[in-house]
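Have a look at data.txt below; it lists compact mmCIF, C-alpha atoms (C1' of nucleotides).
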# COMPACT_ATOMS: atom_id res chain seq x y z
CA MET A 6 0.00 0.00 0.00
CA ALA A 7 1.21 3.44 -0.89
CA ARG A 8 1.54 6.09 1.74
CA THR A 9 2.30 9.72 1.31
CA GLN A 10 5.35 11.26 2.90
CA ASP A 11 3.07 13.16 5.25
CA GLN A 12 1.62 9.91 6.49
CA ARG A 13 5.05 8.39 7.05
CA ARG A 14 6.14 11.53 8.84
CA ALA A 15 3.08 11.54 11.06
CA GLU A 16 3.59 7.91 11.98
CA THR A 17 7.24 8.45 12.87
CA ARG A 18 6.26 11.39 15.01
CA ALA A 19 3.59 9.38 16.79
CA ARG A 20 5.91 6.41 17.32
CA LEU A 21 8.60 8.62 18.82
CA ILE A 22 6.15 10.30 21.18
CA ASP A 23 4.68 6.98 22.29
CA ALA A 24 8.12 5.56 22.96
CA ALA A 25 9.13 8.69 24.85
CA ALA A 26 5.99 8.57 27.01
CA ASP A 27 6.75 5.01 27.99
CA LEU A 28 10.47 5.43 28.64
CA PHE A 29 10.36 8.84 30.31
CA ALA A 30 7.68 7.58 32.67
CA ARG A 31 9.45 4.34 33.54
CA LYS A 32 13.03 5.55 33.83
CA GLY A 33 12.86 9.34 33.92
CA PHE A 34 13.79 11.90 31.32
CA HIS A 35 17.49 12.22 32.13
CA ALA A 36 18.00 8.50 32.51
CA VAL A 37 16.84 7.85 28.94
CA SER A 38 19.06 8.57 25.95
CA ALA A 39 17.76 9.97 22.69
CA GLU A 40 19.04 6.85 21.01
CA ALA A 41 17.03 4.63 23.34
CA VAL A 42 13.82 6.50 22.49
CA ALA A 43 14.54 6.30 18.78
CA GLY A 44 15.36 2.61 19.05
CA ALA A 45 12.16 1.83 20.94
CA ALA A 46 10.25 3.62 18.18
CA ASP A 47 12.12 1.67 15.48
CA ARG A 48 13.61 4.86 14.16
CA THR A 49 17.01 6.56 14.37
CA THR A 50 18.19 9.55 16.31
CA GLY A 51 18.27 11.42 13.04
CA ALA A 52 14.51 11.20 12.80
CA LEU A 53 14.18 12.34 16.39
CA TYR A 54 16.31 15.42 15.81
CA ASN A 55 14.51 16.17 12.56
CA HIS A 56 11.09 16.13 14.22
CA PHE A 57 11.77 17.63 17.60
CA GLY A 58 15.18 19.25 17.49
CA GLY A 59 16.36 17.21 20.46
CA LYS A 60 15.27 15.38 23.57
CA GLU A 61 13.93 18.54 25.20
CA GLY A 62 11.75 19.27 22.16
CA LEU A 63 10.44 15.74 22.34
CA LEU A 64 9.43 16.29 25.96
CA LEU A 65 7.56 19.44 24.99
CA ALA A 66 5.75 17.70 22.13
CA LEU A 67 4.90 14.84 24.47
CA LEU A 68 3.36 17.30 26.90
CA GLU A 69 1.14 18.75 24.17
CA VAL A 70 -0.24 15.33 23.23
CA TRP A 71 -0.49 14.20 26.82
CA LYS A 72 -2.34 17.40 27.58
CA GLU A 73 -5.42 16.30 25.72
CA GLN A 74 -5.27 12.62 26.60
CA THR A 75 -4.83 13.10 30.30
CA ALA A 76 -7.49 15.75 30.76
CA ALA A 77 -9.94 13.63 28.84
CA GLU A 78 -9.10 10.51 30.80
CA LEU A 79 -9.35 12.16 34.19
CA LEU A 80 -12.59 13.93 33.41
CA ALA A 81 -14.15 10.99 31.58
CA GLY A 82 -15.01 9.36 34.88
CA PHE A 83 -16.63 12.51 36.10
CA GLU A 84 -18.51 13.51 33.01
CA GLU A 85 -19.83 10.17 31.87
CA VAL A 86 -21.12 8.73 35.09
CA THR A 87 -24.19 10.14 36.71
CA GLU A 88 -24.00 8.84 40.24
CA LEU A 89 -21.72 11.03 42.35
CA ASP A 90 -20.01 8.27 44.28
CA GLU A 91 -19.17 6.49 41.09
CA ARG A 92 -17.85 9.70 39.61
CA LEU A 93 -15.55 10.32 42.53
CA ALA A 94 -14.36 6.74 42.64
CA ALA A 95 -13.77 6.75 38.89
CA MET A 96 -11.52 9.78 39.13
CA PHE A 97 -9.36 8.27 41.86
CA GLY A 98 -9.32 5.02 39.92
CA ALA A 99 -8.12 6.84 36.83
CA LEU A 100 -5.15 8.17 38.80
CA THR A 101 -4.17 4.97 40.57
CA ARG A 102 -5.08 2.47 37.90
CA ASP A 103 -2.23 0.70 36.17
CA SER A 104 -3.07 2.12 32.78
CA ARG A 105 -0.19 2.75 30.41
CA GLY A 106 1.96 0.27 32.26
CA GLY A 107 1.23 1.75 35.67
CA SER A 108 3.17 4.83 34.79
CA TRP A 109 0.45 7.44 34.35
CA LEU A 110 1.22 9.19 37.58
CA LEU A 111 4.95 8.80 37.07
CA LEU A 112 4.90 10.63 33.76
CA GLU A 113 2.62 13.26 35.21
CA MET A 114 5.02 13.94 38.06
CA GLU A 115 8.03 13.74 35.75
CA LEU A 116 6.44 16.48 33.67
CA TRP A 117 5.52 18.47 36.76
CA LEU A 118 9.09 18.33 38.03
CA HIS A 119 10.43 19.58 34.72
CA GLY A 120 7.71 22.21 34.57
CA ALA A 121 8.57 23.49 38.03
CA ARG A 122 12.17 23.99 36.87
CA ASP A 123 11.70 25.14 33.30
CA PRO A 124 9.04 27.69 32.34
CA ALA A 125 9.06 26.38 28.75
CA ILE A 126 7.49 23.22 30.17
CA GLY A 127 5.82 24.82 33.17
CA GLU A 128 3.67 27.30 31.32
CA PRO A 129 1.87 24.88 29.01
CA LEU A 130 1.59 22.48 31.92
CA ALA A 131 0.01 25.16 34.10
CA ARG A 132 -2.46 25.89 31.30
CA ARG A 133 -3.40 22.25 31.17
CA TYR A 134 -4.01 22.12 34.92
CA ALA A 135 -6.09 25.28 34.63
CA ASP A 136 -8.09 23.68 31.84
CA VAL A 137 -8.75 20.54 33.87
CA ARG A 138 -9.83 22.66 36.83
CA ALA A 139 -12.13 24.73 34.63
CA ARG A 140 -13.84 21.69 33.17
CA LEU A 141 -14.09 20.09 36.59
CA ALA A 142 -15.45 23.33 38.06
CA GLU A 143 -18.13 23.41 35.39
CA GLY A 144 -19.10 19.82 36.10
CA LEU A 145 -19.22 20.44 39.84
CA SER A 146 -21.23 23.59 39.33
CA ASP A 147 -23.80 21.79 37.22
CA TRP A 148 -23.98 18.97 39.70
CA ALA A 149 -24.42 21.31 42.66
CA GLU A 150 -27.28 23.08 40.96
CA ALA A 151 -28.98 19.85 39.92
CA ALA A 152 -28.53 18.26 43.34
CA GLY A 153 -29.58 21.36 45.22
CA VAL A 154 -26.43 21.24 47.32
CA PRO A 155 -24.66 24.58 46.97
CA LEU A 156 -20.87 24.42 46.73
CA ARG A 157 -19.13 25.73 49.80
CA ARG A 158 -16.58 27.70 47.81
CA SER A 159 -16.20 29.04 44.30
CA PRO A 160 -16.33 26.29 41.66
CA GLU A 161 -12.70 27.03 40.78
CA GLN A 162 -11.41 26.63 44.34
CA THR A 163 -13.61 23.59 44.86
CA ALA A 164 -12.13 22.05 41.73
CA ALA A 165 -8.61 22.89 42.93
CA GLY A 166 -9.35 21.11 46.20
CA VAL A 167 -10.88 18.06 44.53
CA LEU A 168 -7.98 17.78 42.09
CA GLY A 169 -5.48 18.38 44.88
CA LEU A 170 -6.97 15.69 47.08
CA LEU A 171 -6.91 13.24 44.18
CA ILE A 172 -3.31 13.97 43.28
CA GLY A 173 -2.05 13.97 46.85
CA CYS A 174 -3.81 10.73 47.70
CA ALA A 175 -2.57 9.10 44.50
CA VAL A 176 0.98 10.12 45.40
CA GLN A 177 0.70 8.46 48.80
CA HIS A 178 -1.13 5.47 47.30
CA ARG A 179 1.69 4.81 44.87
CA LEU A 180 4.23 4.34 47.68
CA ASP A 181 1.89 2.48 50.03
CA PRO A 182 -1.40 1.35 48.48
CA PRO A 183 -3.08 -0.03 51.61
CA ALA A 184 -2.42 3.21 53.47
CA VAL A 185 -4.87 5.13 51.29
CA GLU A 186 -8.26 3.49 50.95
CA ALA A 187 -10.23 4.37 47.82
CA ARG A 188 -13.41 4.45 49.85
CA ALA A 189 -11.99 6.96 52.31
CA VAL A 190 -10.80 9.14 49.43
CA ALA A 191 -14.32 9.16 48.00
CA GLU A 192 -15.70 10.12 51.41
CA ASN A 193 -13.14 12.90 51.73
CA LEU A 194 -14.23 14.17 48.33
CA ARG A 195 -17.86 14.18 49.43
CA ASP A 196 -16.92 16.33 52.39
CA LEU A 197 -15.18 18.82 50.12
CA LEU A 198 -18.42 19.12 48.18
CA GLY A 199 -20.38 19.83 51.32
CA LEU A 200 -22.07 16.46 51.32
CA THR A 201 -22.16 15.13 54.83
CA GLN A 202 -22.80 11.43 55.02
CA ALA A 203 -26.28 12.10 56.35
CA ILE A 204 -27.20 14.53 53.61
CA SER A 205 -25.82 12.34 50.86
CA GLU A 206 -27.72 9.34 52.15
CA VAL A 207 -30.92 11.34 52.15
CA GLY A 208 -30.08 12.52 48.67
CA MET A 209 -29.55 8.96 47.53
CA ARG A 210 -32.82 7.77 48.94
CA SER A 211 -34.87 10.56 47.43
CA PRO A 212 -33.19 11.89 44.32
CA MET B 25 42.69 24.51 65.88
CA ALA B 26 42.95 20.78 65.99
CA ARG B 27 40.13 18.59 64.88
CA THR B 28 39.85 14.89 65.05
CA GLN B 29 39.37 12.81 61.94
CA ASP B 30 35.87 11.97 63.09
CA GLN B 31 34.98 15.63 63.14
CA ARG B 32 36.42 16.21 59.68
CA ARG B 33 34.59 13.17 58.43
CA ALA B 34 31.29 14.28 59.90
CA GLU B 35 31.64 17.71 58.39
CA THR B 36 32.46 16.32 54.97
CA ARG B 37 29.46 14.06 55.16
CA ALA B 38 27.18 16.92 56.14
CA ARG B 39 28.57 19.21 53.44
CA LEU B 40 28.03 16.58 50.77
CA ILE B 41 24.46 15.93 51.87
CA ASP B 42 23.67 19.64 52.00
CA ALA B 43 25.09 20.19 48.54
CA ALA B 44 23.20 17.20 47.21
CA ALA B 45 19.92 18.42 48.70
CA ASP B 46 20.37 21.78 47.01
CA LEU B 47 21.49 20.50 43.61
CA PHE B 48 19.17 17.49 43.37
CA ALA B 49 16.22 19.73 44.19
CA ARG B 50 17.18 22.49 41.77
CA LYS B 51 18.35 20.44 38.81
CA GLY B 52 17.24 16.89 39.47
CA PHE B 53 19.20 13.80 40.42
CA HIS B 54 20.18 12.65 36.94
CA ALA B 55 21.06 16.14 35.76
CA VAL B 56 23.69 16.56 38.48
CA SER B 57 27.06 14.83 38.33
CA ALA B 58 28.81 13.36 41.31
CA GLU B 59 31.61 15.79 40.63
CA ALA B 60 29.24 18.76 40.73
CA VAL B 61 27.96 17.70 44.14
CA ALA B 62 31.47 17.19 45.47
CA GLY B 63 32.55 20.54 44.03
CA ALA B 64 29.64 22.40 45.61
CA ALA B 65 30.59 20.81 48.93
CA ASP B 66 34.23 21.86 48.47
CA ARG B 67 35.23 18.24 48.41
CA THR B 68 36.15 15.77 45.70
CA THR B 69 34.40 12.75 44.24
CA GLY B 70 36.80 10.56 46.19
CA ALA B 71 35.27 11.72 49.44
CA LEU B 72 31.80 11.21 48.02
CA TYR B 73 32.55 7.62 47.05
CA ASN B 74 34.23 6.93 50.35
CA HIS B 75 31.21 8.12 52.31
CA PHE B 76 28.28 6.98 50.21
CA GLY B 77 29.58 4.48 47.68
CA GLY B 78 28.15 6.48 44.80
CA LYS B 79 25.50 8.94 43.78
CA GLU B 80 22.67 6.57 44.55
CA GLY B 81 24.00 6.02 48.05
CA LEU B 82 24.14 9.76 48.51
CA LEU B 83 20.48 10.03 47.55
CA LEU B 84 19.58 7.37 50.11
CA ALA B 85 21.58 9.10 52.82
CA LEU B 86 19.92 12.38 51.90
CA LEU B 87 16.52 10.77 52.29
CA GLU B 88 17.39 9.58 55.78
CA VAL B 89 18.40 13.06 56.91
CA TRP B 90 15.53 14.72 55.08
CA LYS B 91 13.20 12.20 56.71
CA GLU B 92 13.56 13.78 60.10
CA GLN B 93 13.80 17.38 59.00
CA THR B 94 10.78 17.30 56.75
CA ALA B 95 8.45 15.49 59.09
CA ALA B 96 9.39 17.86 61.86
CA GLU B 97 8.93 20.91 59.68
CA LEU B 98 5.56 19.84 58.33
CA LEU B 99 4.19 18.87 61.70
CA ALA B 100 5.70 21.80 63.56
CA GLY B 101 2.93 24.05 62.32
CA PHE B 102 0.36 21.58 63.47
CA GLU B 103 1.80 20.66 66.81
CA GLU B 104 2.91 24.02 68.07
CA VAL B 105 -0.07 26.18 67.28
CA THR B 106 -3.27 25.78 69.17
CA GLU B 107 -5.82 27.48 66.95
CA LEU B 108 -7.02 25.10 64.26
CA ASP B 109 -7.13 27.59 61.43
CA GLU B 110 -3.58 28.64 62.16
CA ARG B 111 -2.50 25.03 62.27
CA LEU B 112 -3.99 24.27 58.89
CA ALA B 113 -2.63 27.43 57.32
CA ALA B 114 0.81 26.76 58.79
CA MET B 115 0.95 23.33 57.21
CA PHE B 116 0.10 24.62 53.76
CA GLY B 117 2.54 27.45 54.28
CA ALA B 118 5.27 24.97 55.15
CA LEU B 119 4.73 23.25 51.82
CA THR B 120 4.52 26.32 49.60
CA ARG B 121 6.92 28.58 51.43
CA ASP B 122 10.17 29.33 49.66
CA SER B 123 12.25 27.74 52.37
CA ARG B 124 15.47 26.06 51.30
CA GLY B 125 15.59 28.13 48.14
CA GLY B 126 12.01 27.37 47.20
CA SER B 127 12.93 23.82 46.46
CA TRP B 128 11.37 21.96 49.33
CA LEU B 129 8.57 20.51 47.25
CA LEU B 130 10.91 19.88 44.33
CA LEU B 131 13.20 17.67 46.38
CA GLU B 132 10.22 15.93 47.90
CA MET B 133 8.82 15.07 44.48
CA GLU B 134 12.26 14.19 43.17
CA LEU B 135 12.55 11.67 45.99
CA TRP B 136 9.02 10.42 45.39
CA LEU B 137 9.73 9.84 41.72
CA HIS B 138 12.84 7.83 42.52
CA GLY B 139 10.97 5.99 45.24
CA ALA B 140 8.18 5.03 42.87
CA ARG B 141 10.78 3.49 40.53
CA ASP B 142 13.25 2.02 42.98
CA PRO B 143 12.15 0.10 46.08
CA ALA B 144 15.48 0.86 47.78
CA ILE B 145 14.32 4.47 47.91
CA GLY B 146 10.59 3.77 47.94
CA GLU B 147 10.49 1.68 51.08
CA PRO B 148 12.16 4.13 53.45
CA LEU B 149 10.17 6.90 51.81
CA ALA B 150 6.92 5.03 52.36
CA ARG B 151 7.90 4.54 56.00
CA ARG B 152 8.44 8.27 56.34
CA TYR B 153 5.02 9.07 54.86
CA ALA B 154 3.48 6.51 57.20
CA ASP B 155 5.26 8.14 60.12
CA VAL B 156 4.01 11.60 59.17
CA ARG B 157 0.48 10.25 58.81
CA ALA B 158 0.70 8.52 62.18
CA ARG B 159 1.85 11.67 63.94
CA LEU B 160 -0.75 13.72 62.13
CA ALA B 161 -3.44 11.18 62.96
CA GLU B 162 -2.51 11.38 66.62
CA GLY B 163 -2.70 15.17 66.55
CA LEU B 164 -6.04 15.13 64.78
CA SER B 165 -7.38 12.54 67.19
CA ASP B 166 -6.40 14.59 70.21
CA TRP B 167 -7.85 17.70 68.65
CA ALA B 168 -11.14 15.99 67.80
CA GLU B 169 -11.54 14.75 71.33
CA ALA B 170 -10.70 18.11 72.85
CA ALA B 171 -12.95 20.01 70.46
CA GLY B 172 -15.80 17.55 70.78
CA VAL B 173 -16.00 17.20 67.01
CA PRO B 174 -15.68 13.52 66.18
CA LEU B 175 -13.60 12.69 63.09
CA ARG B 176 -15.65 11.45 60.19
CA ARG B 177 -13.22 8.65 59.38
CA SER B 178 -10.43 6.74 61.10
CA PRO B 179 -7.61 9.04 62.23
CA GLU B 180 -5.29 7.31 59.74
CA GLN B 181 -7.56 7.89 56.74
CA THR B 182 -8.31 11.42 57.87
CA ALA B 183 -4.58 12.08 58.07
CA ALA B 184 -4.09 10.57 54.60
CA GLY B 185 -6.75 12.93 53.26
CA VAL B 186 -5.32 15.98 54.98
CA LEU B 187 -1.80 15.19 53.80
CA GLY B 188 -3.07 14.39 50.32
CA LEU B 189 -4.97 17.63 50.02
CA LEU B 190 -1.92 19.57 51.18
CA ILE B 191 0.42 17.83 48.73
CA GLY B 192 -1.96 18.04 45.78
CA CYS B 193 -2.72 21.70 46.35
CA ALA B 194 0.97 22.50 46.78
CA VAL B 195 1.68 20.76 43.48
CA GLN B 196 -0.89 22.89 41.68
CA HIS B 197 0.22 25.99 43.57
CA ARG B 198 3.79 25.59 42.40
CA LEU B 199 2.79 25.80 38.73
CA ASP B 200 0.16 28.49 39.18
CA PRO B 201 0.13 30.19 42.62
CA PRO B 202 -2.97 32.37 42.17
CA ALA B 203 -5.03 29.37 41.10
CA VAL B 204 -4.85 27.83 44.57
CA GLU B 205 -5.80 30.19 47.36
CA ALA B 206 -4.36 29.40 50.77
CA ARG B 207 -7.62 30.41 52.41
CA ALA B 208 -9.62 27.99 50.27
CA VAL B 209 -7.18 25.20 51.09
CA ALA B 210 -7.69 25.85 54.80
CA GLU B 211 -11.46 25.76 54.30
CA ASN B 212 -11.17 22.52 52.37
CA LEU B 213 -9.17 21.07 55.26
CA ARG B 214 -11.87 22.14 57.73
CA ASP B 215 -14.41 20.25 55.68
CA LEU B 216 -12.29 17.11 55.77
CA LEU B 217 -12.30 17.36 59.55
CA GLY B 218 -16.07 17.64 59.62
CA LEU B 219 -16.04 21.28 60.61
CA THR B 220 -18.71 23.08 58.69
CA GLN B 221 -18.24 26.82 58.60
CA ALA B 222 -21.20 27.25 60.94
CA ILE B 223 -19.95 24.77 63.51
CA SER B 224 -16.44 26.13 63.49
CA GLU B 225 -17.68 29.68 63.97
CA VAL B 226 -19.75 28.56 66.91
CA GLY B 227 -16.72 26.73 68.24
CA MET B 228 -14.63 29.83 67.92
CA ARG B 229 -17.16 32.01 69.70
CA SER B 230 -17.65 29.65 72.61
CA PRO B 231 -14.60 27.51 73.04
C1' DG C 12 55.34 5.47 62.08
C1' DT C 13 50.93 4.01 60.96
C1' DC C 14 46.39 4.53 59.70
C1' DT C 15 42.86 6.50 57.06
C1' DA C 16 40.15 10.53 55.33
C1' DT C 17 40.44 13.04 51.44
C1' DA C 18 42.72 14.47 46.82
C1' DT C 19 44.43 13.56 42.29
C1' DA C 20 44.37 11.67 38.07
C1' DG C 21 42.81 8.73 35.44
C1' DT C 22 39.51 4.52 33.10
C1' DG C 23 36.07 2.87 29.90
C1' DA C 24 31.55 3.86 28.49
C1' DT C 25 28.21 6.67 26.53
C1' DA C 26 25.92 10.90 26.00
C1' DG C 27 24.14 14.59 22.57
C1' DA C 28 25.34 17.08 18.40
C1' DC C 29 25.86 17.34 13.55
C1' DG D 10 28.63 7.27 11.56
C1' DT D 11 31.95 10.35 13.95
C1' DC D 12 33.39 13.59 17.21
C1' DT D 13 33.90 15.74 21.52
C1' DA D 14 32.45 16.19 26.14
C1' DT D 15 31.21 14.26 30.20
C1' DC D 16 29.51 10.65 32.84
C1' DA D 17 30.02 7.19 36.98
C1' DC D 18 33.48 5.19 39.02
C1' DT D 19 38.38 3.65 40.63
C1' DA D 20 43.47 3.15 41.49
C1' DT D 21 46.78 5.36 43.49
C1' DA D 22 48.88 9.28 46.11
C1' DT D 23 49.00 12.61 49.79
C1' DA D 24 48.37 14.62 54.12
C1' DG D 25 46.75 15.00 58.68
C1' DA D 26 45.44 12.66 63.18
C1' DC D 27 46.81 9.44 66.61
Same coordinates, now as structure tokens:
Amino acid sequence: MARTQDQRRAETRARLIDAAADLFARKGFHAVSAEAVAGAADRTTGALYNHFGGKEGLLLALLEVWKEQTAAELLAGFEEVTELDERLAAMFGALTRDSRGGSWLLLEMELWLHGARDPAIGEPLARRYADVRARLAEGLSDWAEAAGVPLRRSPEQTAAGVLGLLIGCAVQHRLDPPAVEARAVAENLRDLLGLTQAISEVGMRSP
Amino acid sequence: MARTQDQRRAETRARLIDAAADLFARKGFHAVSAEAVAGAADRTTGALYNHFGGKEGLLLALLEVWKEQTAAELLAGFEEVTELDERLAAMFGALTRDSRGGSWLLLEMELWLHGARDPAIGEPLARRYADVRARLAEGLSDWAEAAGVPLRRSPEQTAAGVLGLLIGCAVQHRLDPPAVEARAVAENLRDLLGLTQAISEVGMRSP
DNA sequence: GTCTATATAGTGATAGAC
DNA sequence: GTCTATCACTATATAGAC
């Protein structure tokens, strides 16, 4: 089958980014050579330098792709499920689940660490976090209105708290899974939303 | 002035660990050479290898020292202040404050990332987190009893939530400070402890 | 004088750049 | 594929404490 040069180029680009996501997450950016990434993608370092200008450029391109995937994945649980408990559990599950070889959170923190040190990474990363918070805030706002339970703080700050609790618990969970119970995380999230156990049980009985 | 070899040795060790803490936090473990650490400590790589056996050993030794400092620093705000709001604010402040060159959280996450990949780092790190949670749980338990506000979950899971919220908010704060308001974080923490605004205001008026 | 903490000066391997 | 720099690491030398 014939393929245009654009198609070949796009595939090489995608293969390189996929390989980088896997290797950077598992071993860390500095521990991985450009040649190793190229090899894992069945390409050469020449292709890598042609597409991204270097390893740093590859990291930046990876962030841009990851940006859309990760926001979608995290919010999918919240936006697709109707029952609140399931929504909350799905979001924590998305963070702790062993998707992508168990390295989701690793790559996220790898990117964060680079972003905290280098504004060229940090600024787009900050925009992505802001975007996730905005979408989450909108979802929480809609939910609060529909459920008749007013949010205790602005939707933005509520979203920051929800996202923060999820990240912080996932970080602890990764080192010591039994120490952070998924059920307790969900309950903590309910409290952030102003749902006491009593209220939420009433809400569940008479929706 | 005469100094014993033990004293010289102890100072060299301390200088190397201090330099490593600074450089690993600012640039990242893999981005810093053993020689750079030794140079910053006004020592040579020979001393580094004699003391720690290599860069990895230095990271492990750093973790052990950091272990005590960081737990103490994080909990200091909670254990020394009596007013709850001040306690909560102090803990978030400890995480976001620019102490140690603004790199406190960076080194913490650097260690976490290595711990998540390497059990030799991960296990002592997990023990440290467990220790912080245990001390925090004890403090929260005592507070709940004294305040007459029962915790909504086990002290351990409450502590995991509090610590998680603090870490996750600090992570977001680092990339985008205005997006995470310290006041909102404190309010979120109150909610985790089962203190509605109304109850806490009553508590404050009639302690 | 002897011991050992630290310094010096390398080794082979491998990185990124072009 | 080649080149240069630099990596982690080590073998040996020095210098200071007992």
Residue list for chain C near chain B as number ranges by chain, 7 Å, only C-alpha atoms (C1' of nucleotides): C: 16-18
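Restricting the calculation to only C-alpha atoms (C1' of nucleotides), the smallest distance between chain D and any of B:Ala96, B:Ala55, B:Ala44, B:Ala154 is found for B:Ala55.
You can rank A:Ala19, A:Ala175, A:Ala165, A:Val137 by their closest distance to Arg102 in chain A using only C-alpha atoms, and at the top of that list sits A:Ala175.
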Counting only C-alpha atoms (C1' of nucleotides), chain D residues within 10 Å of chain B, as number ranges by chain: D: 15-19, 25-27
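Near Ala208 in chain B, within a cut-off of 12 Å and counting all atoms listed in the file, sit the residues A:Arg157, A:Arg158, A:Ser159, A:Pro160, A:Glu161, A:Gln162, A:Thr163, A:Ala164, A:Ala165, A:Gly166, A:Val167, A:Gly169, A:Leu197, B:Asp109, B:Leu112, B:Ala113, B:Phe116, B:Leu189, B:Leu190, B:Cys193, B:Pro202, B:Arg214, B:Asp215, with same-chain residues fewer than 6 positions away left out.
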Atoms to include: C-alpha atoms. Write the selected residues as a PDB file, keeping the file's coordinate frame.
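This is the output file result_2.pdb:
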ATOM      1  CA  ARG A 157     -19.130  25.730  49.800  1.00  0.00           C
ATOM      2  CA  ARG A 158     -16.580  27.700  47.810  1.00  0.00           C
ATOM      3  CA  SER A 159     -16.200  29.040  44.300  1.00  0.00           C
ATOM      4  CA  PRO A 160     -16.330  26.290  41.660  1.00  0.00           C
ATOM      5  CA  GLU A 161     -12.700  27.030  40.780  1.00  0.00           C
ATOM      6  CA  GLN A 162     -11.410  26.630  44.340  1.00  0.00           C
ATOM      7  CA  THR A 163     -13.610  23.590  44.860  1.00  0.00           C
ATOM      8  CA  ALA A 164     -12.130  22.050  41.730  1.00  0.00           C
ATOM      9  CA  ALA A 165      -8.610  22.890  42.930  1.00  0.00           C
ATOM     10  CA  GLY A 166      -9.350  21.110  46.200  1.00  0.00           C
ATOM     11  CA  VAL A 167     -10.880  18.060  44.530  1.00  0.00           C
ATOM     12  CA  GLY A 169      -5.480  18.380  44.880  1.00  0.00           C
ATOM     13  CA  LEU A 197     -15.180  18.820  50.120  1.00  0.00           C
TER      14      LEU A 197
ATOM     15  CA  ASP B 109      -7.130  27.590  61.430  1.00  0.00           C
ATOM     16  CA  LEU B 112      -3.990  24.270  58.890  1.00  0.00           C
ATOM     17  CA  ALA B 113      -2.630  27.430  57.320  1.00  0.00           C
ATOM     18  CA  PHE B 116       0.100  24.620  53.760  1.00  0.00           C
ATOM     19  CA  LEU B 189      -4.970  17.630  50.020  1.00  0.00           C
ATOM     20  CA  LEU B 190      -1.920  19.570  51.180  1.00  0.00           C
ATOM     21  CA  CYS B 193      -2.720  21.700  46.350  1.00  0.00           C
ATOM     22  CA  PRO B 202      -2.970  32.370  42.170  1.00  0.00           C
ATOM     23  CA  ARG B 214     -11.870  22.140  57.730  1.00  0.00           C
ATOM     24  CA  ASP B 215     -14.410  20.250  55.680  1.00  0.00           C
TER      25      ASP B 215
END
Within 10 Å of DT21 in chain D using all atoms listed in the file, minus same-chain residues under 5 positions, as a ChimeraX atom specification: /C:19-21
